[in-house]
Amino acid sequence: MVMNPGKVSSQDSTESGDQDYQQLRNQLERAVRQICPHWLRDKAEDLVQVALIRVFEIRRKSEGDRNFSSSYLWRVAYSALIDEIRRLRRRKETDVPDEELEREALVQDPDPEAFVAGTQIGEGIQQCLQKLVVSRRMAMTLYLQGYSVPSAAEVLGFSAKKTENLVYRGLQQLRECLSKKGFKP
Amino acid sequence: MKEDLKSLDRLKEAFQSAESAMPALETCPAAEDLWDAQKGLLSRTQCHAVIDHTSRCGACANAWRLAMGMDPSESESFSGGTGAEVIRFRWMTPAVALAIAAVLVTAFAIQFQRQRSPIPPEVTYRDSLADQDIQSAIPNLSTLPRNAFTLEWKHNFSQSATFDVQVKTETLEPVASAFRLPEGRFTVPEENLANLPSGTRLFWQVVVRIDGEQLKWSPTFVNVLE
């Protein structure tokens with residue numbers, strides 16, 4: 001369902017209000033489009049609308065005094081997106097898959113066998129990570145998410161040397177653990 | 001060497017495709033917390049708790065990657081309700097704009113972090129600034145069994161309040177954490193305590209959220225592992 005943007009913009013009926021509304025909308029639109037997964041593209045417009053409503057709600061609570069930095073707007077757009085993904089997943093757990101979720105499966109699953117094998121190793125990695133000491137686990141998690149060692153160090157607030165060591169030992173332990181589970185990493 | 005790199009890529013790819021073993025959504029951090037953690041806007045302790053959660057929750061790990069892909073630094077700021085026009089500087093080259101944006105974002109991040117977590121948990125330990133409206137319902141330093149290490153707290157907040165709880169060892173190693181609990185009670189999973197010797201003192205602290213935004217920190221409470 002796509003809501004009529006006019007409903008929201010009518011709250012600010014002056015010309016400057018319309019201009020504000022358009023700028024705000026453009027920013028939220030840009031934010032949503034940058035990360036919206038393929039399978040949710042059809043819902044991008046709805047997500048922008050949800051984010052807009054949230055921003056207007058915050059503004060209403062602050063009696064119109066609130067200024068929004070772009071970082072804040074992107075955060076609102078992000079949370080609207082994640083909440084929607086979570087809502088769909090919750091439905092997936094309880095309901096029969098619908099069209100959107102089937103589309104998601106198709107996008108994620110071009111080769112079903114490879115997908116299942118990859119998912120199994122993924123689960124194995126998650127289980128093995130839980131056997132690591134916490135600092136090693138955190139460093140490894142970021143590393144597996146695609147962070148370089150220096151970037152992971154920055155996020156964790158550790159020194160680069162310490163992080164390098166954590167990743168090095170973590171990788172060793174992870175490989176040993178996966179081998180025991182029958183996976184050849 | 002090449003083989004090593006391939007193997008690393010395979011590991012990363014497999015981890016990023018893992019969706020299973022998803023904990024109940026009630027225990028997942030709020031989307032705003034995932035964003036703040038990824039953007040370096042949370043305190044170190046809170047950020048660590050979120051990262052640790054993503055190590056076992058494929059959905060949140062995926063959400064973290066989405067935040068990685070979102071870069072607001074190129075956008076202009078929006079001044080809601082003032083009607084102010086966005087000024088575009090024609091002399092501004094992309095490199096200059098990027099540099100200015102980076103400085104502004106860093107300044108905003110620092111300011112936001114100060115506002116958001118004025119009392120980081122490391123500092124609030126037995127600090128009088130912590131919110132005294134949240135009190136442990138278990139006697140301080142009492143011993144709790146491994147199979148029922150249940151933490152409870154009393155509070156005066158409305159029913160819309162939710163709670164995050166973090167449990168740590170004396171050396172501040174995270175033991176367990178939970179997010180958005182609807183009630184003042186949390187049981188530390190027994191497997192999280194498996195490697196800790198009897199008599200270990202566990203420190204725990206509660207964060208109260210109201211309307212998903214406001215933060216209030218409890219004092220730090222201590223209980224002992226049987």
# chains A, B, ... in the order shown; residues from 1 in each chain; ligands from 1
$ interface_residues --of "chain A" --to "chain B" --cutoff "8 Å" --atoms "only C-alpha atoms" --output "PyMOL selection string"
chain A and resi 16-17+19-20+23-24+27+31+34-35+59+64-71+74-76+78-79+82-83+86+118-123+125-127+129-130+134-135+137-138+141-146+155-157+185
$ write_last_selection --atoms "N, CA and C atoms" --output "short mmCIF file (atom, residue, chain, number, x, y, z; two decimals), in the first residue's frame"
data_model
loop_
_atom_site.label_atom_id
_atom_site.label_comp_id
_atom_site.auth_asym_id
_atom_site.auth_seq_id
_atom_site.Cartn_x
_atom_site.Cartn_y
_atom_site.Cartn_z
N SER A 16 6.90 27.35 2.16
CA SER A 16 8.17 26.87 2.74
C SER A 16 7.99 25.49 3.34
N GLY A 17 6.79 25.26 3.87
CA GLY A 17 6.52 23.94 4.43
C GLY A 17 6.59 22.88 3.35
N GLN A 19 8.29 23.09 0.63
CA GLN A 19 9.70 22.96 0.22
C GLN A 19 10.46 22.06 1.21
N ASP A 20 10.20 22.31 2.49
CA ASP A 20 10.82 21.47 3.53
C ASP A 20 10.45 20.02 3.33
N GLN A 23 12.29 18.48 0.43
CA GLN A 23 13.72 18.22 0.75
C GLN A 23 13.85 17.00 1.65
N LEU A 24 12.98 16.99 2.63
CA LEU A 24 12.99 15.88 3.59
C LEU A 24 12.71 14.56 2.88
N GLN A 27 15.66 13.34 0.77
CA GLN A 27 16.74 12.73 1.56
C GLN A 27 16.37 11.33 2.00
N ALA A 31 18.16 7.78 0.96
CA ALA A 31 18.66 6.85 1.97
C ALA A 31 18.08 5.45 1.76
N GLN A 34 19.39 3.61 -1.34
CA GLN A 34 20.78 3.15 -1.30
C GLN A 34 20.93 1.74 -0.76
N ILE A 35 20.08 1.36 0.18
CA ILE A 35 20.29 0.04 0.79
C ILE A 35 19.12 -0.92 0.65
N ARG A 59 8.83 15.49 15.03
CA ARG A 59 8.72 16.95 14.96
C ARG A 59 7.49 17.44 15.75
N GLY A 64 7.62 21.26 16.60
CA GLY A 64 8.18 21.90 15.40
C GLY A 64 9.55 22.51 15.58
N ASP A 65 10.13 22.35 16.77
CA ASP A 65 11.43 23.00 17.03
C ASP A 65 12.61 22.17 16.55
N ARG A 66 12.37 20.95 16.27
CA ARG A 66 13.47 20.02 16.06
C ARG A 66 14.11 20.18 14.68
N ASN A 67 15.43 20.27 14.65
CA ASN A 67 16.17 20.25 13.38
C ASN A 67 16.70 18.84 13.15
N PHE A 68 16.65 18.41 11.91
CA PHE A 68 17.10 17.05 11.62
C PHE A 68 18.38 17.10 10.80
N SER A 69 19.43 16.51 11.34
CA SER A 69 20.65 16.39 10.54
C SER A 69 20.41 15.28 9.54
N SER A 70 21.23 15.25 8.48
CA SER A 70 21.03 14.19 7.49
C SER A 70 21.33 12.83 8.10
N SER A 71 22.32 12.78 9.00
CA SER A 71 22.62 11.50 9.66
C SER A 71 21.39 10.97 10.38
N TRP A 74 18.87 9.57 7.91
CA TRP A 74 19.29 8.27 7.39
C TRP A 74 19.05 7.18 8.43
N ARG A 75 19.23 7.56 9.67
CA ARG A 75 18.99 6.60 10.75
C ARG A 75 17.51 6.22 10.78
N VAL A 76 16.65 7.21 10.59
CA VAL A 76 15.21 6.95 10.59
C VAL A 76 14.85 6.04 9.40
N TYR A 78 16.80 3.97 7.87
CA TYR A 78 17.37 2.64 8.14
C TYR A 78 16.45 1.86 9.08
N SER A 79 16.01 2.50 10.14
CA SER A 79 15.20 1.76 11.11
C SER A 79 13.86 1.37 10.50
N ILE A 82 14.72 -1.78 8.45
CA ILE A 82 15.00 -2.97 9.27
C ILE A 82 13.71 -3.47 9.94
N ASP A 83 12.91 -2.54 10.42
CA ASP A 83 11.65 -2.95 11.05
C ASP A 83 10.75 -3.69 10.05
N ARG A 86 12.16 -7.16 9.52
CA ARG A 86 11.84 -7.99 10.68
C ARG A 86 10.37 -8.40 10.67
N GLY A 118 26.05 -23.51 1.50
CA GLY A 118 26.58 -22.26 2.06
C GLY A 118 25.93 -21.94 3.39
N THR A 119 24.62 -22.18 3.47
CA THR A 119 23.90 -21.89 4.70
C THR A 119 24.36 -22.80 5.83
N GLN A 120 24.64 -24.08 5.47
CA GLN A 120 25.11 -25.01 6.50
C GLN A 120 26.46 -24.58 7.06
N ILE A 121 27.37 -24.19 6.16
CA ILE A 121 28.67 -23.73 6.63
C ILE A 121 28.48 -22.46 7.47
N GLY A 122 27.57 -21.62 7.01
CA GLY A 122 27.29 -20.39 7.75
C GLY A 122 26.85 -20.68 9.17
N GLU A 123 25.96 -21.66 9.31
CA GLU A 123 25.49 -22.05 10.64
C GLU A 123 26.65 -22.60 11.46
N ILE A 125 29.75 -21.83 11.14
CA ILE A 125 30.59 -20.70 11.56
C ILE A 125 29.99 -20.01 12.78
N GLN A 126 28.68 -19.80 12.74
CA GLN A 126 28.02 -19.15 13.89
C GLN A 126 28.25 -19.97 15.17
N GLN A 127 28.09 -21.30 15.03
CA GLN A 127 28.27 -22.15 16.23
C GLN A 127 29.72 -22.10 16.72
N LEU A 129 31.89 -19.75 16.27
CA LEU A 129 32.21 -18.43 16.84
C LEU A 129 31.85 -18.38 18.33
N GLN A 130 30.77 -19.07 18.68
CA GLN A 130 30.33 -19.02 20.09
C GLN A 130 31.32 -19.72 21.01
N VAL A 134 35.25 -13.93 24.04
CA VAL A 134 34.43 -12.83 23.51
C VAL A 134 35.21 -11.86 22.62
N SER A 135 36.37 -11.44 23.06
CA SER A 135 37.11 -10.43 22.27
C SER A 135 37.49 -11.01 20.90
N ARG A 137 35.86 -13.41 19.39
CA ARG A 137 34.62 -13.57 18.64
C ARG A 137 34.19 -12.25 17.99
N MET A 138 34.32 -11.16 18.74
CA MET A 138 33.90 -9.86 18.18
C MET A 138 34.79 -9.46 17.01
N THR A 141 33.94 -11.63 14.09
CA THR A 141 32.63 -11.29 13.50
C THR A 141 32.78 -10.11 12.54
N LEU A 142 33.49 -9.08 12.99
CA LEU A 142 33.67 -7.92 12.12
C LEU A 142 34.48 -8.29 10.89
N TYR A 143 35.50 -9.12 11.10
CA TYR A 143 36.35 -9.53 9.98
C TYR A 143 35.52 -10.29 8.93
N LEU A 144 34.66 -11.18 9.43
CA LEU A 144 33.82 -11.96 8.51
C LEU A 144 32.75 -11.09 7.85
N GLN A 145 32.44 -9.98 8.50
CA GLN A 145 31.47 -9.04 7.89
C GLN A 145 32.12 -8.20 6.80
N GLY A 146 33.44 -8.33 6.65
CA GLY A 146 34.12 -7.61 5.59
C GLY A 146 34.99 -6.46 6.05
N VAL A 155 36.49 0.09 15.29
CA VAL A 155 35.12 -0.14 15.79
C VAL A 155 35.16 -0.69 17.21
N LEU A 156 36.10 -1.62 17.46
CA LEU A 156 36.15 -2.27 18.77
C LEU A 156 36.83 -1.42 19.82
N GLY A 157 37.61 -0.45 19.38
CA GLY A 157 38.37 0.36 20.33
C GLY A 157 39.59 -0.37 20.84
N PRO A 185 37.04 -25.66 5.37
CA PRO A 185 36.97 -24.20 5.15
C PRO A 185 37.97 -23.73 4.10
#
$ atom_distance --atom1 "atom CA of Glu84 of chain A" --atom2 "atom CA of Arg54 of chain A"
13.6 Å
$ closest_residue --among "B:Glu226, B:Trp204, B:Asp133, B:Ile210" --to "Thr169 of chain B" --atoms "only C-alpha atoms"
B:Trp204
$ atom_distance --atom1 "atom CA of Leu144 of chain B" --atom2 "atom CA of Leu225 of chain B"
5.5 Å
$ atom_distance --atom1 "atom CA of Thr200 of chain B" --atom2 "atom CA of Cys128 of chain A"
24.6 Å
$ closest_residue --among "B:Phe186, B:Phe179, B:Phe163, B:Phe203" --to "Trp217 of chain B" --atoms "only C-alpha atoms"
B:Phe163
$ residues_around --residues "Leu81 of chain A" --least-positions-apart "4" --cutoff "7 Å" --atoms "only C-alpha atoms" --output "list of chain:residue names"
A:Leu47, A:Ala77, A:Ile85
$ write_last_selection --atoms "C-alpha atoms" --output "mmCIF file, in the first residue's frame"
data_model
loop_
_atom_site.group_PDB
_atom_site.id
_atom_site.type_symbol
_atom_site.label_atom_id
_atom_site.label_comp_id
_atom_site.auth_asym_id
_atom_site.auth_seq_id
_atom_site.Cartn_x
_atom_site.Cartn_y
_atom_site.Cartn_z
ATOM 1 C CA LEU A 47 9.302 2.715 3.433
ATOM 2 C CA ALA A 77 15.154 5.521 7.047
ATOM 3 C CA ILE A 85 12.417 -6.725 7.141
#
$ closest_residue --among "B:Phe149, B:Val207, B:Ser218, B:Leu202" --to "Val188 of chain B" --atoms "only C-alpha atoms"
B:Phe149
$ residues_around --residues "Ser159 of chain A" --least-positions-apart "6" --cutoff "10 Å" --atoms "only C-alpha atoms" --output "JSON, numbers by chain"
{"A": [149, 150, 152, 153, 165]}
